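S.K.: Coordinates in run13.tsv, TSV, C-alpha atoms, are listed below.
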```tsv
chain	number	residue	atom	x	y	z
Z	933	MET	CA	129.78	100.19	111.79
Z	934	ARG	CA	129.47	97.78	108.95
Z	935	SER	CA	126.06	99.05	107.89
Z	936	LEU	CA	127.40	102.61	107.64
Z	937	LYS	CA	130.13	101.49	105.27
Z	938	LEU	CA	127.61	99.67	103.14
Z	939	LYS	CA	125.42	102.76	102.87
Z	940	GLN	CA	128.34	104.92	101.80
Z	941	THR	CA	129.47	102.56	99.06
Z	942	LYS	CA	126.05	102.10	97.46
Z	943	LYS	CA	125.72	103.81	94.11
Z	944	SER	CA	122.59	104.69	92.26
Z	945	LEU	CA	121.94	102.79	89.07
Z	946	SER	CA	120.28	104.03	85.93
Z	947	LEU	CA	116.86	102.46	85.47
Z	948	VAL	CA	117.40	102.08	81.75
Z	949	THR	CA	120.93	100.69	81.50
Z	950	SER	CA	121.70	99.52	85.05
Z	951	THR	CA	124.96	101.45	84.97
Z	952	PRO	CA	126.17	103.70	87.75
Z	953	THR	CA	124.94	107.29	87.43
Z	954	LYS	CA	126.30	110.49	88.82
Z	955	ARG	CA	124.02	112.21	91.27
Z	956	THR	CA	123.56	115.85	90.50
Z	957	THR	CA	122.16	118.33	92.89
Z	958	PRO	CA	120.43	121.55	91.89
Z	959	ARG	CA	123.43	123.45	93.24
Z	960	ARG	CA	125.83	121.52	90.99
Z	961	GLU	CA	123.58	122.07	88.00
Z	962	PHE	CA	123.43	125.79	88.75
Z	963	ARG	CA	127.21	126.03	89.10
Z	964	ALA	CA	127.71	124.20	85.81
Z	965	TRP	CA	125.22	126.48	84.08
Z	966	ARG	CA	126.81	129.58	85.57
Z	967	ALA	CA	130.28	128.46	84.48
Z	968	SER	CA	128.97	128.06	80.93
Z	969	LEU	CA	128.03	131.75	80.65
Z	970	PRO	CA	130.18	133.51	78.04
Z	971	THR	CA	131.58	136.55	79.89
Z	972	ALA	CA	132.92	137.33	83.34
Z	973	LEU	CA	130.26	139.99	83.88
Z	974	GLU	CA	127.47	137.49	83.25
Z	975	ARG	CA	129.14	134.74	85.32
Z	976	ASP	CA	129.75	137.01	88.34
Z	977	THR	CA	126.56	139.06	88.38
Z	978	LEU	CA	124.05	137.06	86.30
Z	979	LEU	CA	123.26	140.35	84.53
Z	980	THR	CA	122.88	140.41	80.75
Z	981	PRO	CA	124.06	143.85	79.64
Z	982	GLU	CA	122.47	143.45	76.20
Z	983	TRP	CA	119.00	143.25	77.75
Z	984	VAL	CA	119.63	146.13	80.15
Z	985	ALA	CA	121.00	148.28	77.30
Z	986	GLU	CA	117.96	147.55	75.15
Z	987	SER	CA	115.64	148.62	77.98
Z	988	VAL	CA	117.54	151.90	78.47
Z	989	VAL	CA	117.38	152.69	74.74
Z	990	GLN	CA	113.64	151.92	74.71
Z	991	GLU	CA	113.12	154.13	77.77
Z	992	VAL	CA	114.77	157.07	75.99
Z	993	GLU	CA	112.93	156.42	72.71
Z	994	ARG	CA	109.56	156.38	74.47
Z	995	PHE	CA	110.33	159.58	76.34
Z	996	LEU	CA	111.64	161.46	73.30
Z	997	LYS	CA	109.18	159.86	70.85
Z	998	ALA	CA	112.10	159.42	68.46
Z	999	ASP	CA	114.06	156.51	67.08
Z	1000	LEU	CA	117.66	156.14	68.19
Z	1001	PRO	CA	120.30	154.26	66.20
Z	1002	ALA	CA	120.25	150.51	66.76
Z	1003	SER	CA	123.97	150.68	67.52
Z	1004	PHE	CA	123.31	152.52	70.81
Z	1005	ALA	CA	122.21	149.34	72.62
Z	1006	VAL	CA	125.13	147.37	71.19
Z	1007	ARG	CA	127.58	150.11	72.20
Z	1008	LEU	CA	126.18	150.29	75.74
Z	1009	ALA	CA	126.52	146.54	76.24
Z	1010	ALA	CA	130.02	146.51	74.73
Z	1011	LYS	CA	131.11	149.31	77.03
Z	1012	ALA	CA	129.83	147.43	80.10
Z	1013	HIS	CA	131.65	144.27	79.01
Z	1014	TYR	CA	134.83	146.29	78.41
Z	1015	LEU	CA	134.80	148.16	81.73
Z	1016	TYR	CA	133.82	145.29	84.04
Z	1017	PRO	CA	137.18	143.48	84.21
Z	1018	ARG	CA	139.26	146.68	83.96
Z	1019	TYR	CA	137.83	149.09	86.54
Z	1020	ARG	CA	137.48	148.04	90.15
Z	1021	HIS	CA	134.86	150.69	90.98
Z	1022	PHE	CA	132.61	149.53	88.13
Z	1023	HIS	CA	133.19	145.88	89.08
Z	1024	LYS	CA	132.30	146.49	92.73
Z	1025	GLY	CA	129.23	148.52	91.78
Z	1026	LEU	CA	127.77	145.68	89.73
Z	1027	ASN	CA	128.48	143.04	92.37
Z	1028	ARG	CA	126.31	144.68	95.03
Z	1029	PRO	CA	123.74	142.54	96.84
Z	1030	GLY	CA	120.11	142.35	95.77
Z	1031	ASN	CA	119.03	144.58	92.91
Z	1032	ARG	CA	121.72	147.21	93.53
Z	1033	GLY	CA	124.02	145.76	90.85
Z	1034	ARG	CA	121.30	145.98	88.21
Z	1035	GLU	CA	120.35	149.48	89.32
Z	1036	ASN	CA	123.99	150.57	89.10
Z	1037	LEU	CA	124.27	149.16	85.58
Z	1038	LEU	CA	121.11	151.04	84.59
Z	1039	MET	CA	122.53	154.23	86.12
Z	1040	PHE	CA	125.81	153.91	84.20
Z	1041	MET	CA	124.04	153.17	80.92
Z	1042	ARG	CA	121.71	156.15	81.30
Z	1043	HIS	CA	124.72	158.35	81.94
Z	1044	TRP	CA	126.56	157.00	78.87
Z	1045	ILE	CA	123.59	157.38	76.54
Z	1046	ALA	CA	123.03	160.94	77.74
Z	1047	GLY	CA	126.65	161.76	76.88
Z	1048	TRP	CA	126.35	160.20	73.43
Z	1049	LEU	CA	123.13	162.10	72.76
Z	1050	LYS	CA	124.78	165.33	73.85
Z	1051	ARG	CA	127.63	164.81	71.38
Z	1052	GLN	CA	125.73	163.29	68.47
Z	1053	ARG	CA	122.14	164.54	68.73
Z	1054	ASN	CA	122.14	167.69	70.80
Z	1055	PRO	CA	118.51	168.71	70.06
Z	1056	LEU	CA	117.30	165.40	71.48
Z	1057	TYR	CA	119.61	165.72	74.47
Z	1058	LYS	CA	118.12	169.12	75.33
Z	1059	LYS	CA	114.67	167.51	75.66
Z	1060	LEU	CA	115.92	165.17	78.40
Z	1061	PRO	CA	115.77	166.23	82.06
Z	1062	SER	CA	119.19	167.04	83.51
Z	1063	SER	CA	118.75	164.30	86.13
Z	1064	PHE	CA	118.88	161.66	83.38
Z	1065	GLY	CA	122.52	162.52	82.70
Z	1066	MET	CA	123.22	161.66	86.34
Z	1067	GLY	CA	121.69	158.21	85.85
Z	1068	GLN	CA	118.17	158.77	87.22
Z	1069	ARG	CA	115.00	157.38	85.65
Z	1070	LEU	CA	112.98	159.36	83.17
Z	1071	PRO	CA	109.61	160.61	84.45
```
Let me see the structure of the file written as structure tokens.

M.R.:
Amino acid sequence: MRSLKLKQTKKSLSLVTSTPTKRTTPRREFRAWRASLPTALERDTLLTPEWVAESVVQEVERFLKADLPASFAVRLAAKAHYLYPRYRHFHKGLNRPGNRGRENLLMFMRHWIAGWLKRQRNPLYKKLPSSFGMGQRLP
């Protein structure tokens, strides 16, 4: 019994200063890092909408062989950040297991950019396949 109590009360000491140190596990480090992320969307899903938005804009630019406004990627990311805490359906869609959350975010962003192109740059929108407006990948 006594030896068990001694083992539990032992603390690790720093090799440099001989002061007690806090043991950190990889799980604790991960939780601390995750808590430091700036938005709820990033903390919950580990998705970075800015990167996903940039990839969607690049996908469309490559397909159309045209430059889109730089604000499109910023607007897509801002819309994702805005909708995530406000709409349960959107929130649930991004919190799916595996890669489904990322795929759902890509689908939503493709849909949004198709709508913006339809309103603002109709000739470019007409060059897109109709399936892109429903969130599917470009060929």

S.K.: For each of Z:His1043, Z:His1013, Z:Arg1069, Z:Arg1007, take the minimum atom-to-atom distance to Arg975 (chain Z), counting all atoms listed in the file, then give the residue where this is smallest.

M.R.: Z:His1013

S.K.: How many Å lie between CA of Ala1009 (chain Z) and CA of Leu1056 (chain Z), rounded to one decimal?

M.R.: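 Computed distance, CA of Ala1009 (chain Z) to CA of Leu1056 (chain Z), equals 21.5 Å.
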
S.K.: Quick one: residues within 8 Å of region 995-1000 of chain Z, only C-alpha atoms, excluding same-chain residues fewer than 4 positions away - as a list in words?

M.R.: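 Surrounding residues, per the criterion: Val989, Glu991, Phe1004, Leu1056, Lys1059, Leu1060 and Leu1070 of chain Z.
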
S.K.: Using all atoms listed in the file, pick whichever of Z:Ala1002, Z:Ala1010, Z:Asn1027, Z:Gln1068 has the shortest atom-to-atom distance to Gln990 (chain Z).

M.R.: Z:Ala1002

S.K.: Report, in Å with one decimal, the straight-line distance from CA of Leu1037 (chain Z) to CA of Tyr1057 (chain Z).

M.R.: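 Distance between the two atoms: 20.5 Å.
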
S.K.: Kindly give the distance, in Å, that separates CA of Arg1051 (chain Z) and CA of Leu1015 (chain Z), rounded to a single decimal.

M.R.: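 Pair CA of Arg1051 (chain Z) / CA of Leu1015 (chain Z) returns 20.9 Å.
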
S.K.: Measuring between only C-alpha atoms, which one of Z:Pro958, Z:Pro1001, Z:Pro1017, Z:Pro1071 shows the shortest distance to Ala972 (chain Z)?

M.R.: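 Checking each of Z:Pro958, Z:Pro1001, Z:Pro1017, Z:Pro1071 against Ala972 (chain Z), counting only C-alpha atoms, the winner is Z:Pro1017.
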
S.K.: When you count all atoms listed in the file, which of these residues is closest to Pro1029 (chain Z): Z:Arg1042, Z:Gly1067, Z:Thr977, Z:Ser1062?

M.R.: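 Looking at the shortest contact to Pro1029 (chain Z), the residue is Z:Thr977.
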
S.K.: If we draw a sphere of 12 Å around (125.3, 143.4, 93.0), which residues have at least one atom in it when counting only C-alpha atoms? Please report them as an MDAnalysis selection string.

M.R.: chainID Z and resid 973:974 976:979 1022:1037
